[in-house]
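One file, entry.txt, carrying compact mmCIF, C-alpha atoms:
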# COMPACT_ATOMS: atom_id res chain seq x y z
CA MET A 194 181.85 113.93 202.80
CA SER A 195 180.14 113.76 206.17
CA GLU A 196 177.96 111.01 207.48
CA ASN A 197 174.83 113.26 207.32
CA GLU A 198 175.41 113.98 203.64
CA ASN A 199 175.69 110.24 202.91
CA LEU A 200 172.41 109.62 204.71
CA ASN A 201 170.72 112.38 202.72
CA ASP A 202 171.99 110.92 199.44
CA ILE A 203 170.74 107.46 200.42
CA ALA A 204 167.32 108.91 201.35
CA GLU A 205 167.08 110.78 198.04
CA LEU A 206 168.01 107.62 196.12
CA SER A 207 165.39 105.58 197.97
CA VAL A 208 162.71 108.22 197.31
CA SER A 209 163.62 108.36 193.63
CA ASP A 210 163.57 104.55 193.45
CA GLU A 211 160.12 104.46 195.05
CA ALA A 212 158.86 107.13 192.64
CA ALA A 213 160.27 105.22 189.68
CA GLU A 214 158.67 102.03 190.96
CA GLU A 215 155.29 103.76 191.41
CA GLU A 216 155.57 105.21 187.90
CA THR A 217 156.34 101.77 186.50
CA VAL A 218 153.36 100.29 188.32
CA PHE A 219 151.15 103.11 187.02
CA GLU A 220 152.38 102.56 183.46
CA ASP A 221 151.75 98.82 183.72
CA THR A 222 148.26 99.44 185.09
CA TYR A 223 147.55 101.96 182.35
CA LYS A 224 148.73 99.57 179.65
CA GLU A 225 146.59 96.75 181.00
CA MET A 226 143.38 98.84 180.88
CA SER A 227 142.12 98.11 177.36
CA PRO A 228 139.24 100.12 175.83
CA ILE A 229 136.85 97.17 176.18
CA ARG A 230 137.82 96.72 179.83
CA LEU A 231 137.35 100.44 180.45
CA VAL A 232 133.87 100.33 178.88
CA LEU A 233 132.91 97.29 180.96
CA ARG A 234 134.11 98.97 184.15
CA ARG A 235 132.01 102.05 183.42
CA PHE A 236 129.04 99.89 182.45
CA PHE A 237 129.01 97.81 185.63
CA ARG A 238 129.34 100.93 187.80
CA SER A 239 125.80 101.87 186.81
CA LYS A 240 123.16 100.22 188.97
CA LEU A 241 120.49 100.60 186.29
CA SER A 242 122.72 98.78 183.80
CA ILE A 243 123.06 95.85 186.18
CA VAL A 244 119.29 95.84 186.79
CA GLY A 245 118.67 95.81 183.03
CA LEU A 246 121.16 92.99 182.55
CA VAL A 247 119.46 90.93 185.26
CA MET A 248 116.07 91.54 183.61
CA ILE A 249 117.25 90.35 180.20
CA VAL A 250 119.06 87.30 181.60
CA PHE A 251 115.88 86.39 183.48
CA LEU A 252 113.81 86.71 180.30
CA PHE A 253 116.17 84.51 178.29
CA LEU A 254 116.28 81.83 180.99
CA PHE A 255 112.51 81.99 181.39
CA SER A 256 111.78 81.84 177.66
CA PHE A 257 114.39 79.38 176.37
CA LEU A 258 115.24 77.24 179.40
CA GLY A 259 111.83 77.37 181.09
CA PRO A 260 109.97 75.07 178.65
CA VAL A 261 112.75 72.49 179.00
CA ILE A 262 112.35 72.39 182.80
CA TYR A 263 108.58 72.89 183.01
CA ASN A 264 107.36 70.49 180.30
CA THR A 265 104.09 69.33 181.85
CA TRP A 266 102.11 71.11 179.12
CA GLY A 267 103.05 72.07 175.55
CA GLU A 268 102.58 75.35 173.75
CA GLU A 269 99.53 74.13 171.84
CA THR A 270 98.40 71.39 174.24
CA VAL A 271 94.72 71.65 175.18
CA ASP A 272 93.56 70.42 178.59
CA ARG A 273 90.71 68.05 177.72
CA THR A 274 89.48 67.70 181.28
CA THR A 275 85.68 67.97 181.43
CA VAL A 276 84.71 70.83 183.73
CA ILE A 277 81.76 73.06 184.50
CA ASN A 278 82.55 76.60 183.39
CA THR A 279 80.94 79.66 184.90
CA ILE A 280 80.32 82.66 182.64
CA TYR A 281 79.61 86.07 184.15
CA THR A 282 77.70 88.61 182.07
CA THR A 283 77.27 92.15 183.35
CA TYR A 284 74.68 94.53 181.92
CA THR A 285 72.72 97.59 183.00
CA THR A 286 68.93 97.74 183.20
CA LYS A 287 66.18 99.68 184.97
CA ASP A 288 63.99 98.58 187.83
CA ALA A 289 60.26 99.23 188.21
CA ASP A 290 60.91 102.77 189.48
CA GLY A 291 63.10 103.62 186.49
CA ASN A 292 66.40 103.53 188.39
CA LYS A 293 69.46 102.10 186.67
CA ILE A 294 70.82 98.91 188.19
CA SER A 295 73.71 96.63 187.28
CA VAL A 296 72.88 92.97 186.86
CA ILE A 297 75.44 90.15 186.88
CA GLU A 298 74.15 87.09 185.10
CA VAL A 299 75.85 83.81 186.05
CA LEU A 300 75.67 80.91 183.59
CA GLU A 301 77.14 77.47 184.19
CA HIS A 302 77.73 74.93 181.43
CA GLU A 303 79.70 71.73 181.00
CA SER A 304 82.71 71.95 178.71
CA GLY A 305 84.96 69.32 177.17
CA THR A 306 88.02 71.50 177.72
CA ASN A 307 89.36 73.00 180.91
CA SER A 308 89.09 76.57 179.64
CA TYR A 309 89.23 79.68 181.83
CA ALA A 310 90.78 77.63 184.64
CA ALA A 311 91.94 79.56 187.70
CA PRO A 312 95.65 79.66 188.59
CA GLY A 313 96.72 76.42 190.23
CA ASN A 314 93.81 74.42 188.79
CA ASN A 315 94.86 70.97 187.53
CA GLY A 316 98.57 71.88 187.59
CA HIS A 317 98.24 75.13 185.59
CA LEU A 318 100.35 77.74 187.40
CA LEU A 319 98.61 80.68 185.72
CA GLY A 320 95.44 78.90 184.69
CA THR A 321 94.25 78.32 181.13
CA ASP A 322 92.94 80.53 178.35
CA ASP A 323 89.66 80.31 176.43
CA LYS A 324 91.02 77.39 174.37
CA GLY A 325 92.11 75.39 177.42
CA MET A 326 95.85 75.97 176.82
CA ASP A 327 98.25 76.61 179.70
CA VAL A 328 98.90 80.36 180.11
CA PHE A 329 102.25 79.95 181.88
CA VAL A 330 103.69 77.71 179.14
CA ARG A 331 102.43 80.00 176.38
CA LEU A 332 104.01 82.92 178.22
CA MET A 333 107.41 81.21 177.91
CA TYR A 334 106.95 80.33 174.24
CA GLY A 335 105.67 83.84 173.55
CA GLY A 336 108.93 85.20 175.00
CA ARG A 337 110.87 83.04 172.54
CA ILE A 338 109.03 84.53 169.59
CA SER A 339 109.21 88.13 170.81
CA LEU A 340 112.93 87.98 171.68
CA THR A 341 113.83 86.11 168.48
CA ILE A 342 111.93 88.56 166.30
CA GLY A 343 113.53 91.47 168.15
CA PHE A 344 117.10 90.26 167.66
CA ILE A 345 116.68 89.17 164.02
CA VAL A 346 114.95 92.41 163.02
CA VAL A 347 117.57 94.57 164.75
CA ILE A 348 120.41 92.67 163.06
CA LEU A 349 118.78 92.89 159.62
CA GLU A 350 117.93 96.59 159.88
CA THR A 351 121.46 97.32 161.14
CA LEU A 352 123.04 95.50 158.18
CA ILE A 353 120.84 97.36 155.68
CA GLY A 354 121.50 100.67 157.43
CA ILE A 355 125.27 100.07 157.49
CA ILE A 356 125.44 99.29 153.78
CA LEU A 357 123.22 102.13 152.53
CA GLY A 358 124.33 104.67 155.13
CA GLY A 359 128.00 103.82 154.53
CA LEU A 360 127.66 104.31 150.78
CA ALA A 361 125.76 107.59 151.21
CA GLY A 362 128.23 109.01 153.71
CA TYR A 363 131.39 108.01 151.85
CA PHE A 364 130.54 108.89 148.25
CA GLY A 365 128.24 111.86 148.86
CA GLY A 366 126.94 113.66 145.79
CA TRP A 367 124.15 112.01 143.82
CA VAL A 368 124.60 108.73 145.72
CA ASP A 369 123.94 110.51 149.02
CA GLN A 370 120.98 112.39 147.55
CA LEU A 371 119.39 109.22 146.15
CA ILE A 372 119.75 107.13 149.31
CA MET A 373 118.64 109.95 151.62
CA ARG A 374 115.53 110.59 149.49
CA ILE A 375 114.68 106.90 149.83
CA VAL A 376 115.16 107.26 153.60
CA ASP A 377 112.85 110.28 153.62
CA ILE A 378 110.19 108.31 151.74
CA PHE A 379 110.28 105.49 154.28
CA ASN A 380 110.09 108.00 157.12
CA CYS A 381 106.98 109.58 155.58
CA VAL A 382 105.14 106.35 154.77
CA PRO A 383 101.97 105.81 156.89
CA VAL A 384 102.99 102.51 158.42
CA LEU A 385 99.75 101.45 160.14
CA PRO A 386 97.45 101.64 157.06
CA ILE A 387 100.01 99.71 155.01
CA LEU A 388 100.24 97.08 157.74
CA LEU A 389 96.45 96.75 157.78
CA ILE A 390 96.43 96.21 154.01
CA ALA A 391 99.32 93.73 154.27
CA SER A 392 97.49 91.84 157.01
CA ALA A 393 94.37 91.55 154.84
CA VAL A 394 96.47 90.28 151.94
CA ILE A 395 98.26 87.73 154.14
CA ASP A 396 94.91 86.53 155.51
CA SER A 397 93.63 86.05 151.98
CA TRP A 398 96.71 83.92 151.21
CA GLU A 399 95.90 81.72 154.24
CA VAL A 400 99.53 81.77 155.37
CA GLU A 401 100.45 79.29 158.11
CA PRO A 402 101.27 80.77 161.55
CA ASP A 403 104.93 79.64 161.33
CA LYS A 404 105.49 81.39 157.99
CA ARG A 405 103.54 84.44 159.15
CA ILE A 406 106.27 85.07 161.74
CA TYR A 407 108.89 85.45 158.99
CA ILE A 408 106.64 87.79 157.03
CA LEU A 409 106.25 89.88 160.20
CA MET A 410 110.05 90.09 160.53
CA VAL A 411 110.39 91.31 156.93
CA ILE A 412 107.66 93.94 157.35
CA ILE A 413 109.17 95.37 160.54
CA THR A 414 112.66 95.39 158.99
CA ILE A 415 111.48 97.26 155.89
CA PHE A 416 110.05 100.08 157.97
CA SER A 417 112.88 100.26 160.54
CA TRP A 418 116.21 100.46 158.69
CA SER A 419 116.03 104.14 157.71
CA GLY A 420 117.01 105.44 161.17
CA VAL A 421 120.17 103.31 161.25
CA ALA A 422 121.13 104.45 157.74
CA ARG A 423 120.81 108.09 158.75
CA LEU A 424 122.95 107.49 161.86
CA VAL A 425 125.72 105.72 159.92
CA ARG A 426 125.70 108.34 157.19
CA GLY A 427 126.09 111.20 159.67
CA GLN A 428 128.98 109.50 161.48
CA ILE A 429 130.85 108.67 158.26
CA LEU A 430 130.49 112.24 156.98
CA SER A 431 132.47 113.41 160.00
CA LEU A 432 134.99 110.55 159.91
CA ARG A 433 135.91 110.52 156.23
CA GLU A 434 137.90 113.74 156.59
CA GLN A 435 140.16 112.27 159.28
CA GLU A 436 143.88 111.75 158.70
CA TYR A 437 143.76 107.97 158.71
CA ILE A 438 141.26 107.98 155.82
CA THR A 439 143.61 110.25 153.88
CA ALA A 440 146.36 107.74 154.60
CA THR A 441 144.23 104.90 153.18
CA GLU A 442 143.75 106.91 149.99
CA VAL A 443 147.51 107.41 149.68
CA MET A 444 148.02 103.66 150.19
CA GLY A 445 145.59 102.95 147.36
CA LEU A 446 143.20 100.75 149.37
CA PRO A 447 139.94 99.77 147.63
CA THR A 448 136.76 101.64 148.50
CA TRP A 449 135.01 98.69 150.16
CA ARG A 450 137.96 98.26 152.50
CA LYS A 451 137.97 101.93 153.47
CA ILE A 452 134.26 101.83 154.30
CA PHE A 453 133.86 98.46 156.00
CA LEU A 454 137.30 98.01 157.60
CA HIS A 455 138.24 101.57 158.58
CA LEU A 456 135.06 103.69 158.80
CA ILE A 457 132.33 101.31 160.01
CA PRO A 458 134.37 99.96 163.00
CA ASN A 459 134.61 103.54 164.30
CA VAL A 460 130.82 103.81 164.15
CA MET A 461 130.24 100.53 166.02
CA PRO A 462 129.93 102.10 169.52
CA GLN A 463 127.01 104.24 168.35
CA LEU A 464 125.52 101.26 166.47
CA ILE A 465 125.71 98.99 169.52
CA VAL A 466 123.84 101.54 171.60
CA SER A 467 121.29 102.04 168.82
CA MET A 468 120.77 98.27 168.48
CA THR A 469 120.29 97.82 172.21
CA LEU A 470 117.74 100.60 172.45
CA GLY A 471 116.09 99.38 169.26
CA LEU A 472 115.50 95.90 170.69
CA GLY A 473 112.97 97.21 173.18
CA SER A 474 111.21 99.20 170.45
CA VAL A 475 110.99 96.18 168.14
CA ILE A 476 109.54 93.97 170.89
CA LEU A 477 106.97 96.67 171.66
CA TYR A 478 106.26 97.02 167.93
CA GLU A 479 105.77 93.26 167.48
CA SER A 480 103.50 93.08 170.52
CA THR A 481 101.40 95.94 169.19
CA LEU A 482 101.04 94.29 165.79
CA SER A 483 100.10 90.98 167.40
CA TYR A 484 97.57 92.79 169.59
CA LEU A 485 96.00 94.34 166.45
CA GLY A 486 95.86 90.93 164.78
CA LEU A 487 98.64 91.70 162.29
CA GLY A 488 101.37 89.57 163.82
CA VAL A 489 101.65 86.12 165.29
CA GLN A 490 98.36 84.24 165.16
CA LEU A 491 96.89 81.31 167.07
CA PRO A 492 97.77 78.61 167.89
CA LYS A 493 101.27 80.16 168.17
CA ALA A 494 101.88 82.15 171.33
CA ALA A 495 103.05 85.77 171.45
CA TRP A 496 102.82 88.33 174.21
CA GLY A 497 100.79 90.70 172.07
CA THR A 498 98.36 87.95 171.09
CA MET A 499 97.89 87.01 174.74
CA ILE A 500 97.13 90.63 175.68
CA ALA A 501 94.62 90.80 172.82
CA THR A 502 92.37 88.39 174.75
CA ALA A 503 91.54 91.36 176.99
CA ASN A 504 89.36 92.70 174.17
CA ASP A 505 86.69 90.40 175.57
CA PRO A 506 85.04 92.24 178.52
CA GLN A 507 84.60 88.93 180.35
CA VAL A 508 88.33 88.16 180.14
CA LEU A 509 89.25 91.73 181.04
CA SER A 510 87.17 91.68 184.21
CA TYR A 511 87.27 88.11 185.49
CA HIS A 512 90.35 86.44 183.95
CA VAL A 513 93.22 88.81 184.59
CA ASN A 514 95.64 85.86 184.62
CA MET A 515 95.23 85.51 180.84
CA TRP A 516 96.61 88.91 179.81
CA LEU A 517 98.30 90.68 182.75
CA PRO A 518 101.44 88.42 182.94
CA ALA A 519 102.17 89.06 179.25
CA GLY A 520 101.99 92.79 179.91
CA PHE A 521 104.51 92.42 182.74
CA MET A 522 106.88 90.51 180.41
CA ILE A 523 106.73 93.27 177.80
CA VAL A 524 107.44 95.92 180.45
CA ILE A 525 110.43 93.93 181.77
CA ALA A 526 111.84 93.41 178.25
CA VAL A 527 111.52 97.05 177.15
CA LEU A 528 112.85 98.45 180.43
CA GLY A 529 115.72 95.94 180.50
CA PHE A 530 116.95 96.75 177.01
CA ASN A 531 116.56 100.50 177.60
CA PHE A 532 118.57 100.30 180.85
CA ILE A 533 121.35 98.39 179.06
CA GLY A 534 121.30 100.84 176.17
CA ASP A 535 121.58 103.84 178.48
CA GLY A 536 124.44 102.15 180.35
CA LEU A 537 126.33 101.40 177.13
CA ARG A 538 125.80 104.94 175.89
CA ASP A 539 127.34 106.37 179.06
CA ALA A 540 130.13 103.77 179.12
CA MET A 541 131.14 104.42 175.52
CA ASP A 542 131.10 108.18 175.89
CA PRO A 543 134.67 109.31 175.11
CA LYS A 544 134.16 112.44 177.22
CA ALA A 545 133.52 110.41 180.35
CA ARG A 546 136.44 110.56 182.80
CA LYS A 547 135.40 107.83 185.21

Translate the structure described by the file into structure tokens.
Amino acid sequence: MSENENLNDIAELSVSDEAAEEETVFEDTYKEMSPIRLVLRRFFRSKLSIVGLVMIVFLFLFSFLGPVIYNTWGEETVDRTTVINTIYTTYTTKDADGNKISVIEVLEHESGTNSYAAPGNNGHLLGTDDKGMDVFVRLMYGGRISLTIGFIVVILETLIGIILGGLAGYFGGWVDQLIMRIVDIFNCVPVLPILLIASAVIDSWEVEPDKRIYILMVIITIFSWSGVARLVRGQILSLREQEYITATEVMGLPTWRKIFLHLIPNVMPQLIVSMTLGLGSVILYESTLSYLGLGVQLPKAAWGTMIATANDPQVLSYHVNMWLPAGFMIVIAVLGFNFIGDGLRDAMDPKARK
């Protein structure tokens, strides 16, 4: 064998060794990339997902950590500083020639509470409301209530939807027909009139504001679980014919184990996305109910209740600091949860290649 042939053999061996080494490295890298890690990598590639995450982290820090740091005023603390308040009243009249003119009437009166204070007055960053309570502090406490109600309602409606939707999708037949007809009834119920009646009943019971929050959670949960049940039922109908479910039947596993340990975990990606998107809807729903007077009531703070002060024309025109910040908080919360939900939906898409 010549010297050139030996060199060629050595070169081929080195190339094959490098290829084998690269293949080993590729296999190790592939094995290390778990499904959760792959989902996280796809999620953080989306700029909107990161923006939504920053929004929600800001809201949680603002709502739960903010009152601990900024504790100058309490949620229900009234500023008793004696001040002279100015009230502006605008109305339209006619002059001597019959022309319409707008008149602004200015009234000044002494008050025992520092109500309608401007931002920065007496240490109030966003001023005070009509009761003399700090708007900035109530904005933080209102975020606590809105976020807590959102998470608890979403968890409760998801649990109810998983149980009923799982039973309907697995058993089928009369069980499926019964549960789906109940779902159809809840989808057809006129929610707003029922909420108005429920609010009147609760007012007649003279329920305390703290307990009224729990009643609000129950009401929203009752009218929100049907969509989750329909989603779970549709997913299980397609999954119950898979080979691994047939294997569980051959193994003689109990029904509850097939549903909750083998079927439901495969529906969790869709449920996580649904829960994330549902959080924004629940917060918007709670704010709407509070705005209509059906939700959280004074002296407790809620974003919807704070926006409801804009029903007064004087507050709407001259005290924007009382209701506009709460509107910004609702926009940030809904957009943040929607951005995260869209990012999770794209990250958990099995057809995605990146």

Could the residues of range 448-532 of chain A that have an atom at most 12 Å from range 361-376 of chain A be listed as JSON lines, each with its closest atom pair and the distance in Å to one decimal, counting all atoms listed in the file and ordered by chain and ascending residue number?
{"residue": "A:Thr448", "atom": "CA", "partner": "A:Tyr363", "partner_atom": "CA", "distance": 9.0}
{"residue": "A:Trp449", "atom": "CA", "partner": "A:Tyr363", "partner_atom": "CA", "distance": 10.1}
{"residue": "A:Arg450", "atom": "CA", "partner": "A:Tyr363", "partner_atom": "CA", "distance": 11.8}
{"residue": "A:Lys451", "atom": "CA", "partner": "A:Tyr363", "partner_atom": "CA", "distance": 9.1}
{"residue": "A:Ile452", "atom": "CA", "partner": "A:Tyr363", "partner_atom": "CA", "distance": 7.2}
{"residue": "A:Phe453", "atom": "CA", "partner": "A:Tyr363", "partner_atom": "CA", "distance": 10.7}
{"residue": "A:His455", "atom": "CA", "partner": "A:Tyr363", "partner_atom": "CA", "distance": 11.6}
{"residue": "A:Leu456", "atom": "CA", "partner": "A:Tyr363", "partner_atom": "CA", "distance": 9.0}
{"residue": "A:Ile457", "atom": "CA", "partner": "A:Tyr363", "partner_atom": "CA", "distance": 10.6}
{"residue": "A:Val460", "atom": "CA", "partner": "A:Gly362", "partner_atom": "CA", "distance": 11.9}

Using the selection just defined, write its residues with C-alpha atoms as a PDB file, keeping the file's coordinate frame.
ATOM      1  CA  THR A 448     136.760 101.640 148.500  1.00  0.00           C
ATOM      2  CA  TRP A 449     135.010  98.690 150.160  1.00  0.00           C
ATOM      3  CA  ARG A 450     137.960  98.260 152.500  1.00  0.00           C
ATOM      4  CA  LYS A 451     137.970 101.930 153.470  1.00  0.00           C
ATOM      5  CA  ILE A 452     134.260 101.830 154.300  1.00  0.00           C
ATOM      6  CA  PHE A 453     133.860  98.460 156.000  1.00  0.00           C
ATOM      7  CA  HIS A 455     138.240 101.570 158.580  1.00  0.00           C
ATOM      8  CA  LEU A 456     135.060 103.690 158.800  1.00  0.00           C
ATOM      9  CA  ILE A 457     132.330 101.310 160.010  1.00  0.00           C
ATOM     10  CA  VAL A 460     130.820 103.810 164.150  1.00  0.00           C
TER      11      VAL A 460
END

Find, counting only C-alpha atoms, the residue in A:Leu385, A:Ile412, A:Leu491, A:Ala311 that gets nearest to Lys324 in chain A.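 Ranking A:Leu385, A:Ile412, A:Leu491, A:Ala311 by distance to Lys324 in chain A, first place goes to A:Leu491.
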
Find the residue from A:Ser308, A:Ser239, A:Asn531, A:Thr283 that sits nearest to Met468 in chain A; use only C-alpha atoms when measuring.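 Checking each of A:Ser308, A:Ser239, A:Asn531, A:Thr283 against Met468 in chain A, counting only C-alpha atoms, the winner is A:Asn531.
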
Distance of CA of Met461 in chain A from CA of Ser256 in chain A, expressed in Å to one decimal place: 28.7 Å

From the list A:Leu340, A:Leu485, A:Ile387, A:Leu409, which residue is nearest Asn504 in chain A when using all atoms listed in the file?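 Distance minimum relative to Asn504 in chain A lands on A:Leu485.
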
Closest of A:Leu349, A:Ser392, A:Gln507, A:Pro518 to Ile297 in chain A - atom-to-atom distances counting all atoms listed in the file: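 Nearest candidate to Ile297 in chain A out of A:Leu349, A:Ser392, A:Gln507, A:Pro518: A:Gln507.
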
Polymer residues at most 12 Å from (91.7, 89.0, 174.6) by only C-alpha atoms, as number ranges by chain: A: 322-324, 483-486, 491, 496-517, 519

Contacts of Ile342 in chain A at 12 Å or less, counting all atoms listed in the file, minus same-chain residues fewer than 4 places along, as a ChimeraX atom specification? /A:335-338,346-350,405-414,471-480,488-489,495

Point-to-point distance from CA of Thr469 in chain A to CA of Val261 in chain A, Å rounded to tenths: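 Straight-line distance from CA of Thr469 in chain A to CA of Val261 in chain A works out to 27.3 Å.
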
Which polymer residues have any atom within 12 Å of an atom of Val384 in chain A, counting all atoms listed in the file, with same-chain residues fewer than 3 positions away left out, as an MDAnalysis selection string? chainID A and resid 378:381 387:391 412:413 415:417 478 482

Between CA of Leu528 in chain A and CA of Gly245 in chain A, distance in Å (one decimal): 6.9 Å

Exercise: Thr285 in chain A partners within 8 Å, all atoms listed in the file, chain neighbours under 2 positions left out, as an MDAnalysis selection string: chainID A and resid 283 287 293:296

Among listed residues A:Glu269, A:Asn264, A:Arg433, A:Ala393, nearest Ala494 in chain A (using all atoms listed in the file):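 Closest residue, counting all atoms listed in the file: A:Glu269.
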
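In terms of minimum interatomic distance to Thr481 in chain A, A:Gly520 ranks closest within A:Pro383, A:Gly325, A:Pro447, A:Gly520, counting all atoms listed in the file.
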